[in-house]
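Enquirer: Input final-v8.tsv, format and content: TSV, C-alpha atoms.
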chain	number	residue	atom	x	y	z
A	20	MET	CA	-16.90	-17.09	-72.73
A	21	ASN	CA	-17.53	-19.52	-69.89
A	22	HIS	CA	-15.62	-17.37	-67.43
A	23	ARG	CA	-17.40	-14.26	-68.68
A	24	GLY	CA	-20.77	-15.94	-68.32
A	25	LEU	CA	-19.86	-17.16	-64.82
A	26	ARG	CA	-18.84	-13.67	-63.74
A	27	ARG	CA	-22.04	-12.21	-65.18
A	28	GLY	CA	-24.11	-14.85	-63.40
A	29	VAL	CA	-22.39	-14.21	-60.09
A	30	SER	CA	-22.85	-10.47	-60.57
A	31	ASN	CA	-26.56	-10.85	-61.29
A	32	LEU	CA	-26.92	-13.18	-58.31
A	33	MET	CA	-25.29	-10.69	-55.95
A	34	VAL	CA	-27.38	-7.81	-57.32
A	35	GLY	CA	-30.48	-9.90	-56.77
A	36	LEU	CA	-29.44	-10.75	-53.22
A	37	VAL	CA	-28.71	-7.11	-52.36
A	38	THR	CA	-32.03	-6.05	-53.88
A	39	GLY	CA	-33.83	-8.68	-51.85
A	40	VAL	CA	-32.12	-7.56	-48.64
A	41	VAL	CA	-33.08	-3.94	-49.34
A	42	LEU	CA	-36.70	-4.94	-49.91
A	43	VAL	CA	-36.73	-6.93	-46.67
A	44	ALA	CA	-35.32	-3.91	-44.84
A	45	LEU	CA	-38.04	-1.69	-46.33
A	46	LEU	CA	-40.87	-4.06	-45.46
A	47	PRO	CA	-41.25	-2.92	-41.81
A	48	LEU	CA	-41.38	0.71	-42.91
A	49	ALA	CA	-43.93	-0.07	-45.61
A	50	PHE	CA	-46.01	-2.07	-43.13
A	51	ILE	CA	-45.98	0.79	-40.61
A	52	LEU	CA	-46.96	3.39	-43.21
A	53	VAL	CA	-49.75	1.27	-44.68
A	54	ASN	CA	-51.07	0.35	-41.24
A	55	LEU	CA	-51.07	3.98	-40.12
A	56	ALA	CA	-52.86	5.02	-43.30
A	57	LEU	CA	-55.52	2.32	-42.92
A	58	GLN	CA	-56.10	2.94	-39.22
A	59	GLY	CA	-55.73	6.71	-39.09
A	60	ALA	CA	-56.72	8.20	-42.44
A	61	GLY	CA	-60.43	7.75	-41.73
A	62	SER	CA	-60.23	10.06	-38.70
A	63	LEU	CA	-58.55	12.92	-40.58
A	64	SER	CA	-60.80	15.88	-41.26
A	65	LEU	CA	-60.77	19.67	-41.17
A	66	ASP	CA	-61.91	19.61	-37.54
A	67	PHE	CA	-59.07	17.26	-36.66
A	68	PHE	CA	-56.52	19.89	-37.76
A	69	THR	CA	-58.34	23.01	-36.57
A	70	ARG	CA	-60.06	22.16	-33.28
A	71	THR	CA	-58.92	21.39	-29.77
A	72	PRO	CA	-59.93	18.13	-28.06
A	73	ALA	CA	-63.53	17.56	-27.05
A	74	PRO	CA	-64.28	16.70	-23.40
A	75	ALA	CA	-63.52	13.12	-22.43
A	76	GLY	CA	-66.18	10.73	-23.65
A	77	GLU	CA	-67.63	13.12	-26.22
A	78	SER	CA	-67.14	12.81	-29.98
A	79	GLY	CA	-65.49	15.37	-32.21
A	80	GLY	CA	-62.59	17.68	-31.54
A	81	GLY	CA	-59.10	17.69	-32.96
A	82	VAL	CA	-55.41	17.92	-32.18
A	83	VAL	CA	-54.45	21.40	-33.35
A	84	HIS	CA	-53.00	22.01	-29.86
A	85	ALA	CA	-50.63	19.03	-30.31
A	86	ILE	CA	-49.58	20.03	-33.82
A	87	VAL	CA	-48.76	23.57	-32.74
A	88	GLY	CA	-47.02	22.29	-29.62
A	89	THR	CA	-44.86	19.88	-31.61
A	90	LEU	CA	-43.77	22.64	-33.99
A	91	ILE	CA	-42.89	24.95	-31.09
A	92	ILE	CA	-41.07	22.38	-28.97
A	93	VAL	CA	-39.15	20.79	-31.85
A	94	GLY	CA	-38.42	24.20	-33.38
A	95	ALA	CA	-36.96	25.51	-30.12
A	96	ALA	CA	-34.97	22.30	-29.64
A	97	SER	CA	-33.56	22.65	-33.16
A	98	ALA	CA	-32.67	26.29	-32.52
A	99	ILE	CA	-30.66	25.13	-29.50
A	100	GLY	CA	-29.25	21.82	-30.70
A	101	LEU	CA	-28.39	22.43	-34.36
A	102	PRO	CA	-25.95	25.35	-33.91
A	103	VAL	CA	-24.20	23.65	-30.99
A	104	GLY	CA	-23.97	20.30	-32.78
A	105	LEU	CA	-22.77	21.85	-36.05
A	106	ALA	CA	-20.13	23.99	-34.34
A	107	ALA	CA	-18.86	21.07	-32.27
A	108	GLY	CA	-18.79	18.77	-35.31
A	109	ILE	CA	-16.82	21.28	-37.37
A	110	TYR	CA	-14.33	21.78	-34.55
A	111	CYS	CA	-13.83	18.03	-34.02
A	112	ALA	CA	-13.27	17.47	-37.74
A	113	GLU	CA	-10.91	20.40	-38.24
A	114	TYR	CA	-8.87	19.86	-35.04
A	115	PRO	CA	-8.83	16.06	-34.60
A	116	ALA	CA	-5.68	16.03	-32.42
A	117	SER	CA	-7.02	18.42	-29.81
A	118	ARG	CA	-7.64	17.15	-26.28
A	119	LEU	CA	-10.95	19.01	-26.31
A	120	THR	CA	-11.92	17.05	-29.43
A	121	TRP	CA	-11.31	13.72	-27.67
A	122	THR	CA	-13.41	14.82	-24.71
A	123	THR	CA	-16.20	16.08	-26.95
A	124	ARG	CA	-16.33	12.83	-28.90
A	125	PHE	CA	-16.42	10.79	-25.71
A	126	VAL	CA	-19.29	12.83	-24.27
A	127	ALA	CA	-21.17	12.64	-27.57
A	128	ASP	CA	-20.81	8.86	-27.73
A	129	VAL	CA	-22.04	8.53	-24.15
A	130	LEU	CA	-25.05	10.76	-24.87
A	131	ASN	CA	-25.86	8.80	-28.04
A	132	GLY	CA	-26.12	5.64	-25.97
A	133	THR	CA	-28.12	7.24	-23.15
A	134	PRO	CA	-31.82	6.26	-23.04
A	135	SER	CA	-34.10	9.19	-23.74
A	136	ILE	CA	-36.00	8.66	-20.50
A	137	VAL	CA	-32.76	9.30	-18.57
A	138	VAL	CA	-32.38	12.60	-20.39
A	139	GLY	CA	-35.98	13.39	-19.46
A	140	VAL	CA	-35.29	12.70	-15.78
A	141	PHE	CA	-32.15	14.87	-15.98
A	142	ALA	CA	-34.13	17.76	-17.52
A	143	TRP	CA	-36.82	17.35	-14.87
A	144	ALA	CA	-34.30	17.48	-12.04
A	145	TRP	CA	-32.37	20.49	-13.36
A	146	ILE	CA	-35.14	22.54	-15.01
A	147	VAL	CA	-38.62	21.48	-13.96
A	148	ALA	CA	-37.80	20.91	-10.29
A	149	THR	CA	-35.86	24.18	-10.15
A	150	GLN	CA	-38.65	26.21	-11.77
A	151	ARG	CA	-41.30	24.22	-9.85
A	152	HIS	CA	-43.49	23.77	-12.92
A	153	PHE	CA	-43.51	21.90	-16.23
A	154	SER	CA	-42.84	23.82	-19.44
A	155	ALA	CA	-42.37	23.44	-23.15
A	156	LEU	CA	-38.94	25.05	-22.85
A	157	ALA	CA	-37.82	22.24	-20.55
A	158	GLY	CA	-39.01	19.76	-23.16
A	159	SER	CA	-37.06	21.60	-25.86
A	160	ALA	CA	-33.92	21.52	-23.71
A	161	ALA	CA	-34.28	17.75	-23.21
A	162	LEU	CA	-34.77	17.16	-26.93
A	163	ALA	CA	-31.80	19.43	-27.74
A	164	ILE	CA	-29.59	17.27	-25.51
A	165	LEU	CA	-30.62	14.26	-27.59
A	166	MET	CA	-30.06	16.13	-30.85
A	167	ILE	CA	-26.60	17.60	-30.24
A	168	PRO	CA	-24.53	14.36	-30.31
A	169	MET	CA	-26.31	13.09	-33.44
A	170	VAL	CA	-25.69	16.32	-35.34
A	171	LEU	CA	-22.12	16.49	-34.03
A	172	ARG	CA	-21.12	13.01	-35.19
A	173	THR	CA	-22.86	13.34	-38.56
A	174	THR	CA	-21.23	16.70	-39.25
A	175	GLU	CA	-17.80	15.42	-38.26
A	176	GLU	CA	-18.04	12.31	-40.46
A	177	MET	CA	-19.25	14.34	-43.45
A	178	ILE	CA	-16.40	16.85	-43.14
A	179	LYS	CA	-13.87	14.02	-42.90
A	180	LEU	CA	-14.89	12.96	-46.42
A	181	VAL	CA	-13.62	16.25	-47.89
A	182	PRO	CA	-10.20	15.72	-49.56
A	183	SER	CA	-7.27	17.47	-47.91
A	184	SER	CA	-6.30	18.90	-51.30
A	185	LEU	CA	-9.42	21.08	-51.25
A	186	ARG	CA	-8.39	22.65	-47.95
A	187	GLU	CA	-4.82	23.10	-49.15
A	188	ALA	CA	-5.98	24.82	-52.34
A	189	ALA	CA	-8.12	27.28	-50.38
A	190	LEU	CA	-5.28	28.01	-47.95
A	191	ALA	CA	-2.88	28.49	-50.85
A	192	LEU	CA	-5.22	31.15	-52.25
A	193	GLY	CA	-4.95	33.09	-49.01
A	194	TYR	CA	-8.14	31.95	-47.28
A	195	PRO	CA	-7.85	31.93	-43.47
A	196	ARG	CA	-8.49	28.64	-41.68
A	197	TRP	CA	-11.93	29.61	-40.36
A	198	ARG	CA	-13.12	30.83	-43.75
A	199	THR	CA	-11.85	27.67	-45.43
A	200	SER	CA	-13.82	25.57	-42.97
A	201	LEU	CA	-17.06	27.54	-43.32
A	202	SER	CA	-17.02	28.61	-46.97
A	203	ILE	CA	-15.33	25.64	-48.62
A	204	VAL	CA	-15.49	22.54	-46.46
A	205	VAL	CA	-18.96	23.00	-44.95
A	206	ARG	CA	-20.46	24.13	-48.25
A	207	THR	CA	-19.09	21.03	-49.97
A	208	THR	CA	-20.64	18.71	-47.39
A	209	LEU	CA	-23.86	20.70	-46.93
A	210	PRO	CA	-26.22	18.06	-48.38
A	211	GLY	CA	-24.86	15.39	-46.03
A	212	ILE	CA	-24.95	17.73	-43.04
A	213	VAL	CA	-28.55	18.75	-43.78
A	214	THR	CA	-29.56	15.12	-44.18
A	215	GLY	CA	-28.00	14.26	-40.82
A	216	SER	CA	-29.70	17.26	-39.22
A	217	LEU	CA	-33.06	16.16	-40.62
A	218	LEU	CA	-32.54	12.69	-39.20
A	219	ALA	CA	-31.88	14.28	-35.82
A	220	VAL	CA	-35.03	16.40	-36.10
A	221	ALA	CA	-37.05	13.33	-37.09
A	222	ARG	CA	-35.62	11.43	-34.12
A	223	ILE	CA	-36.55	14.04	-31.52
A	224	ALA	CA	-39.94	14.77	-33.10
A	225	GLY	CA	-41.11	11.30	-32.12
A	226	GLU	CA	-39.66	11.21	-28.60
A	227	THR	CA	-42.24	10.79	-25.85
A	228	ALA	CA	-40.39	9.90	-22.63
A	229	PRO	CA	-38.48	13.22	-22.23
A	230	LEU	CA	-41.69	15.21	-22.77
A	231	LEU	CA	-43.55	13.25	-20.10
A	232	PHE	CA	-41.08	14.63	-17.53
A	233	THR	CA	-40.84	18.15	-18.95
A	234	ALA	CA	-43.63	19.48	-21.22
A	235	LEU	CA	-46.17	17.17	-19.53
A	236	GLY	CA	-48.90	17.87	-22.09
A	237	SER	CA	-52.06	19.95	-22.14
A	238	GLN	CA	-55.60	19.81	-23.49
A	239	TYR	CA	-55.49	23.46	-24.50
A	240	LEU	CA	-53.88	25.39	-27.32
A	241	SER	CA	-50.91	27.26	-25.88
A	242	PHE	CA	-48.16	29.41	-27.35
A	243	ARG	CA	-46.31	30.05	-24.09
A	244	PRO	CA	-43.03	28.12	-23.84
A	245	ASP	CA	-42.91	28.63	-20.07
A	246	GLN	CA	-46.10	26.60	-19.56
A	247	PRO	CA	-47.04	22.92	-20.10
A	248	MET	CA	-47.70	22.22	-23.75
A	249	ALA	CA	-49.14	19.40	-25.83
A	250	ALA	CA	-47.21	17.52	-28.50
A	251	LEU	CA	-48.16	14.82	-30.99
A	252	PRO	CA	-46.13	12.04	-29.28
A	253	LEU	CA	-47.80	12.88	-25.95
A	254	THR	CA	-51.21	12.89	-27.63
A	255	VAL	CA	-50.55	9.51	-29.22
A	256	PHE	CA	-49.51	8.12	-25.83
A	257	THR	CA	-52.52	9.59	-24.01
A	258	TYR	CA	-55.09	8.54	-26.60
A	259	ALA	CA	-53.61	5.08	-27.18
A	260	THR	CA	-53.75	4.26	-23.45
A	261	GLY	CA	-57.16	5.87	-22.91
A	262	PRO	CA	-60.43	3.98	-22.34
A	263	TYR	CA	-62.39	5.40	-25.26
A	264	GLU	CA	-62.54	3.89	-28.74
A	265	GLU	CA	-62.54	7.32	-30.39
A	266	TRP	CA	-59.32	8.17	-28.54
A	267	HIS	CA	-57.77	5.09	-30.08
A	268	ARG	CA	-58.75	6.23	-33.56
A	269	TYR	CA	-57.32	9.67	-32.83
A	270	ALA	CA	-54.09	8.04	-31.64
A	271	TRP	CA	-53.69	6.36	-35.04
A	272	ALA	CA	-54.52	9.61	-36.84
A	273	SER	CA	-52.07	11.61	-34.69
A	274	ALA	CA	-49.31	9.09	-35.39
A	275	LEU	CA	-50.04	9.39	-39.11
A	276	VAL	CA	-49.85	13.19	-38.92
A	277	LEU	CA	-46.53	12.97	-37.06
A	278	ILE	CA	-45.06	10.78	-39.81
A	279	LEU	CA	-46.38	13.13	-42.50
A	280	VAL	CA	-44.88	16.20	-40.79
A	281	VAL	CA	-41.45	14.58	-40.73
A	282	LEU	CA	-41.85	13.46	-44.35
A	283	VAL	CA	-42.84	16.92	-45.58
A	284	LEU	CA	-39.91	18.57	-43.78
A	285	SER	CA	-37.46	16.04	-45.20
A	286	VAL	CA	-38.71	16.32	-48.79
A	287	GLY	CA	-38.90	20.11	-48.61
A	288	ALA	CA	-35.33	20.42	-47.35
A	289	ARG	CA	-34.01	18.08	-50.04
A	290	LEU	CA	-35.79	20.06	-52.77
A	291	ALA	CA	-34.45	23.34	-51.40
A	292	ILE	CA	-30.87	22.00	-51.39
A	293	ARG	CA	-31.22	20.66	-54.93
A	294	ARG	CA	-32.54	23.97	-56.25
A	295	ARG	CA	-29.77	25.89	-54.52
A	296	PHE	CA	-27.01	23.76	-56.00
A	297	ASP	CA	-28.65	23.77	-59.43
A	298	PHE	CA	-28.79	27.57	-59.26
A	299	HIS	CA	-25.14	27.92	-58.26
A	300	GLY	CA	-24.16	25.36	-60.83
Would you mind writing the structure in this file as C-alpha cells?

Expert:
Amino acid sequence: MNHRGLRRGVSNLMVGLVTGVVLVALLPLAFILVNLALQGAGSLSLDFFTRTPAPAGESGGGVVHAIVGTLIIVGAASAIGLPVGLAAGIYCAEYPASRLTWTTRFVADVLNGTPSIVVGVFAWAWIVATQRHFSALAGSAALAILMIPMVLRTTEEMIKLVPSSLREAALALGYPRWRTSLSIVVRTTLPGIVTGSLLAVARIAGETAPLLFTALGSQYLSFRPDQPMAALPLTVFTYATGPYEEWHRYAWASALVLILVVLVLSVGARLAIRRRFDFHG
C-alpha cells in the first residue's frame, strides 16, 4: 500500500507539474489575445470592415482594402506554396534514400532558418527590380518561399508515422506505388498535413518584412495582383508607427482582425476534416 500510494503521489505530482508548465506556456498567448481585445475591440465597427482609410488626420474610415489584400496575397501564396510543399514532402518521405531527397531536405532546412526579411530582399531583387514596380504577386511569391519548407517538413514527418505494413498491404492488393502514396498514405495522415499547412498559412499571414519589399502597401482597394496592394500586417505597421492616435487604435483593431482571420480559418478547416472523416466512417 505504501508503494502504491507513493507511485500515485508521484504520478499526481508529475501531472500537476506538466499542467502548470502548459498553463505557463499558454499565458503569453492569453495575454496577447486579451490585450488585443481590450485595445482593439472598441474600434471595430461596420465602417471598419467596409470602408477604405480616411485621409491622414481625419477620423473614420476602415481597412477593407487591407483585409481584401491579405486574402488575395495569402491565397495566391498558398496556391503556389502548398502544392509544391506537399509534393516535395511526399517525395522525400516515400524515397528517403534518393540523392534528390537529401538535397531537398538541406535546402528546406536552410530556408526554414532564413530570416523573412532576407526572403523579401531576394524577391525584390528578382521580381520587383526586374518588373520595375511593386506588386501583390511579388509578395505572394515571397510568402510562398517561406511556406514551402514548412509544409514540406511537416508533410514528410507526418507520412513517416504511417506504418510500413499499411503500404505493404496496399501493394499486395495490386495498388501501384503512386496510388498507394496518394490514396492510402496521404489520406491516413491528412489531419496532420492539414494542421501543418494551416500553421504555415498562419505564419505567412502575419509576415510584414517580405511585403515591405514586394507588395509595398496601398491606401486604395485593389484587386489587381500586378499592382501594389495593402495587407493587414502592413496596415498594422503603418498605423502603429504613425503620428495619429486614431491610427494607433486602428493598428490594435487590425491586429485583432488578423488574429481572428487565422483563428476562423483554423477552426473551419478542423471542423471540415472532422465531418469528412465522420461521414466516411

Enquirer: Tell me which of A:Thr257, A:Thr214, A:Glu113, A:Met177 sits closest to Thr199 in chain A, counting only C-alpha atoms.

Expert: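 So, comparing all the options, the nearest one is A:Glu113.
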
Enquirer: Measure the distance from CA of Ala56 in chain A to CA of Glu264 in chain A in Å and round it to one decimal.

Expert: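 Straight-line distance from CA of Ala56 in chain A to CA of Glu264 in chain A works out to 17.5 Å.
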
Enquirer: When you look at Asp128 in chain A with a cut-off of 12 Å (counting all atoms listed in the file), what residues show up, excluding the ones that are within fewer than 2 positions of it in the same chain? I need them as a list in words.

Expert: Trp121, Thr122, Thr123, Arg124, Phe125, Val126, Leu130, Asn131, Gly132, Thr133, Leu165, Ile167, Pro168, Met169, Val170, Leu171, Arg172 and Thr173 of chain A

Enquirer: For Trp271 in chain A, list every protein, DNA or RNA residue within 6 Å, evaluated using only C-alpha atoms, and leave out those in the same chain fewer than 2 positions away; present the list as a PDB file with C-alpha atoms, in the coordinates of the input.

Expert:
ATOM      1  CA  GLN A  58     -56.100   2.940 -39.220  1.00  0.00           C
ATOM      2  CA  GLY A  59     -55.730   6.710 -39.090  1.00  0.00           C
ATOM      3  CA  ARG A 268     -58.750   6.230 -33.560  1.00  0.00           C
ATOM      4  CA  TYR A 269     -57.320   9.670 -32.830  1.00  0.00           C
ATOM      5  CA  SER A 273     -52.070  11.610 -34.690  1.00  0.00           C
ATOM      6  CA  ALA A 274     -49.310   9.090 -35.390  1.00  0.00           C
TER       7      ALA A 274
END

Enquirer: Have a look at CA of Pro210 in chain A and CA of Lys179 in chain A and let me know their distance in Å, one decimal.

Expert: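 So the answer is 14.1 Å.
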
Enquirer: Distance CA of Ser202 in chain A-CA of Leu190 in chain A, one decimal place?

Expert: 11.8 Å

Enquirer: If we count all atoms listed in the file, what is near range 66-71 of chain A at a cut-off of 12 Å, once residues fewer than 5 positions away on the same chain are taken out, given as a list in words?

Expert: Gly59, Ala60, Gly61, Ser78, Gly79, Gly80, Gly81, Val82, Val83, His84, Ala85, Ile86, Val87, Gly88, Ser237, Gln238, Tyr239, Leu240, Ser241, Ala249, Leu251, Thr254, Arg268, Tyr269, Ala270, Ala272, Ser273 and Val276 of chain A

Enquirer: Have a look at A:Thr89, A:Ser200, A:Ser159, A:Thr174 and name the one nearest to Pro252 in chain A; count all atoms listed in the file.

Expert: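 Comparing A:Thr89, A:Ser200, A:Ser159, A:Thr174 against Pro252 in chain A, the winner is A:Thr89.
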
Enquirer: Starting from 3 Å padding per side, set up an axis-aligned box that covers all listed atoms of range 239-244 of chain A and hand over centre and edge lengths in Å, one decimal, as AutoDock Vina command-line options.

Expert:
--center_x -49.3 --center_y 26.8 --center_z -25.6 --size_x 18.5 --size_y 12.6 --size_z 9.5

Enquirer: Start from the incomplete input, build N, CA and C atoms for range 53-71 of chain A, and deliver everything as a compact mmCIF listing (two decimals), in the coordinates of the input.

Expert:
# COMPACT_ATOMS: atom_id res chain seq x y z
N VAL A 53 -48.45 1.75 -44.21
CA VAL A 53 -49.75 1.27 -44.68
C VAL A 53 -50.71 1.09 -43.51
N ASN A 54 -50.21 0.55 -42.41
CA ASN A 54 -51.07 0.35 -41.24
C ASN A 54 -51.56 1.68 -40.67
N LEU A 55 -50.66 2.67 -40.60
CA LEU A 55 -51.07 3.98 -40.12
C LEU A 55 -52.11 4.61 -41.04
N ALA A 56 -51.91 4.46 -42.35
CA ALA A 56 -52.86 5.02 -43.30
C ALA A 56 -54.23 4.36 -43.18
N LEU A 57 -54.25 3.04 -43.03
CA LEU A 57 -55.52 2.32 -42.92
C LEU A 57 -56.24 2.64 -41.62
N GLN A 58 -55.48 2.73 -40.52
CA GLN A 58 -56.10 2.94 -39.22
C GLN A 58 -56.41 4.41 -38.93
N GLY A 59 -55.59 5.32 -39.48
CA GLY A 59 -55.73 6.71 -39.09
C GLY A 59 -56.32 7.65 -40.12
N ALA A 60 -56.26 7.28 -41.39
CA ALA A 60 -56.72 8.20 -42.44
C ALA A 60 -58.20 8.50 -42.31
N GLY A 61 -58.99 7.53 -41.85
CA GLY A 61 -60.43 7.75 -41.73
C GLY A 61 -60.81 8.79 -40.70
N SER A 62 -59.93 9.08 -39.75
CA SER A 62 -60.23 10.06 -38.70
C SER A 62 -59.75 11.47 -39.05
N LEU A 63 -59.04 11.60 -40.17
CA LEU A 63 -58.55 12.92 -40.58
C LEU A 63 -59.68 13.74 -41.18
N SER A 64 -59.78 14.96 -40.74
CA SER A 64 -60.80 15.88 -41.26
C SER A 64 -60.33 17.30 -40.97
N LEU A 65 -61.11 18.28 -41.43
CA LEU A 65 -60.77 19.67 -41.17
C LEU A 65 -60.83 19.96 -39.67
N ASP A 66 -61.82 19.40 -38.99
CA ASP A 66 -61.91 19.61 -37.54
C ASP A 66 -60.72 19.01 -36.80
N PHE A 67 -60.21 17.91 -37.31
CA PHE A 67 -59.07 17.26 -36.66
C PHE A 67 -57.85 18.18 -36.62
N PHE A 68 -57.68 19.00 -37.67
CA PHE A 68 -56.52 19.89 -37.76
C PHE A 68 -56.78 21.29 -37.21
N THR A 69 -58.03 21.63 -36.94
CA THR A 69 -58.34 23.01 -36.57
C THR A 69 -59.00 23.16 -35.20
N ARG A 70 -59.37 22.07 -34.55
CA ARG A 70 -60.06 22.16 -33.28
C ARG A 70 -59.25 21.54 -32.15
N THR A 71 -59.53 21.99 -30.95
CA THR A 71 -58.92 21.39 -29.77
C THR A 71 -59.74 20.19 -29.33
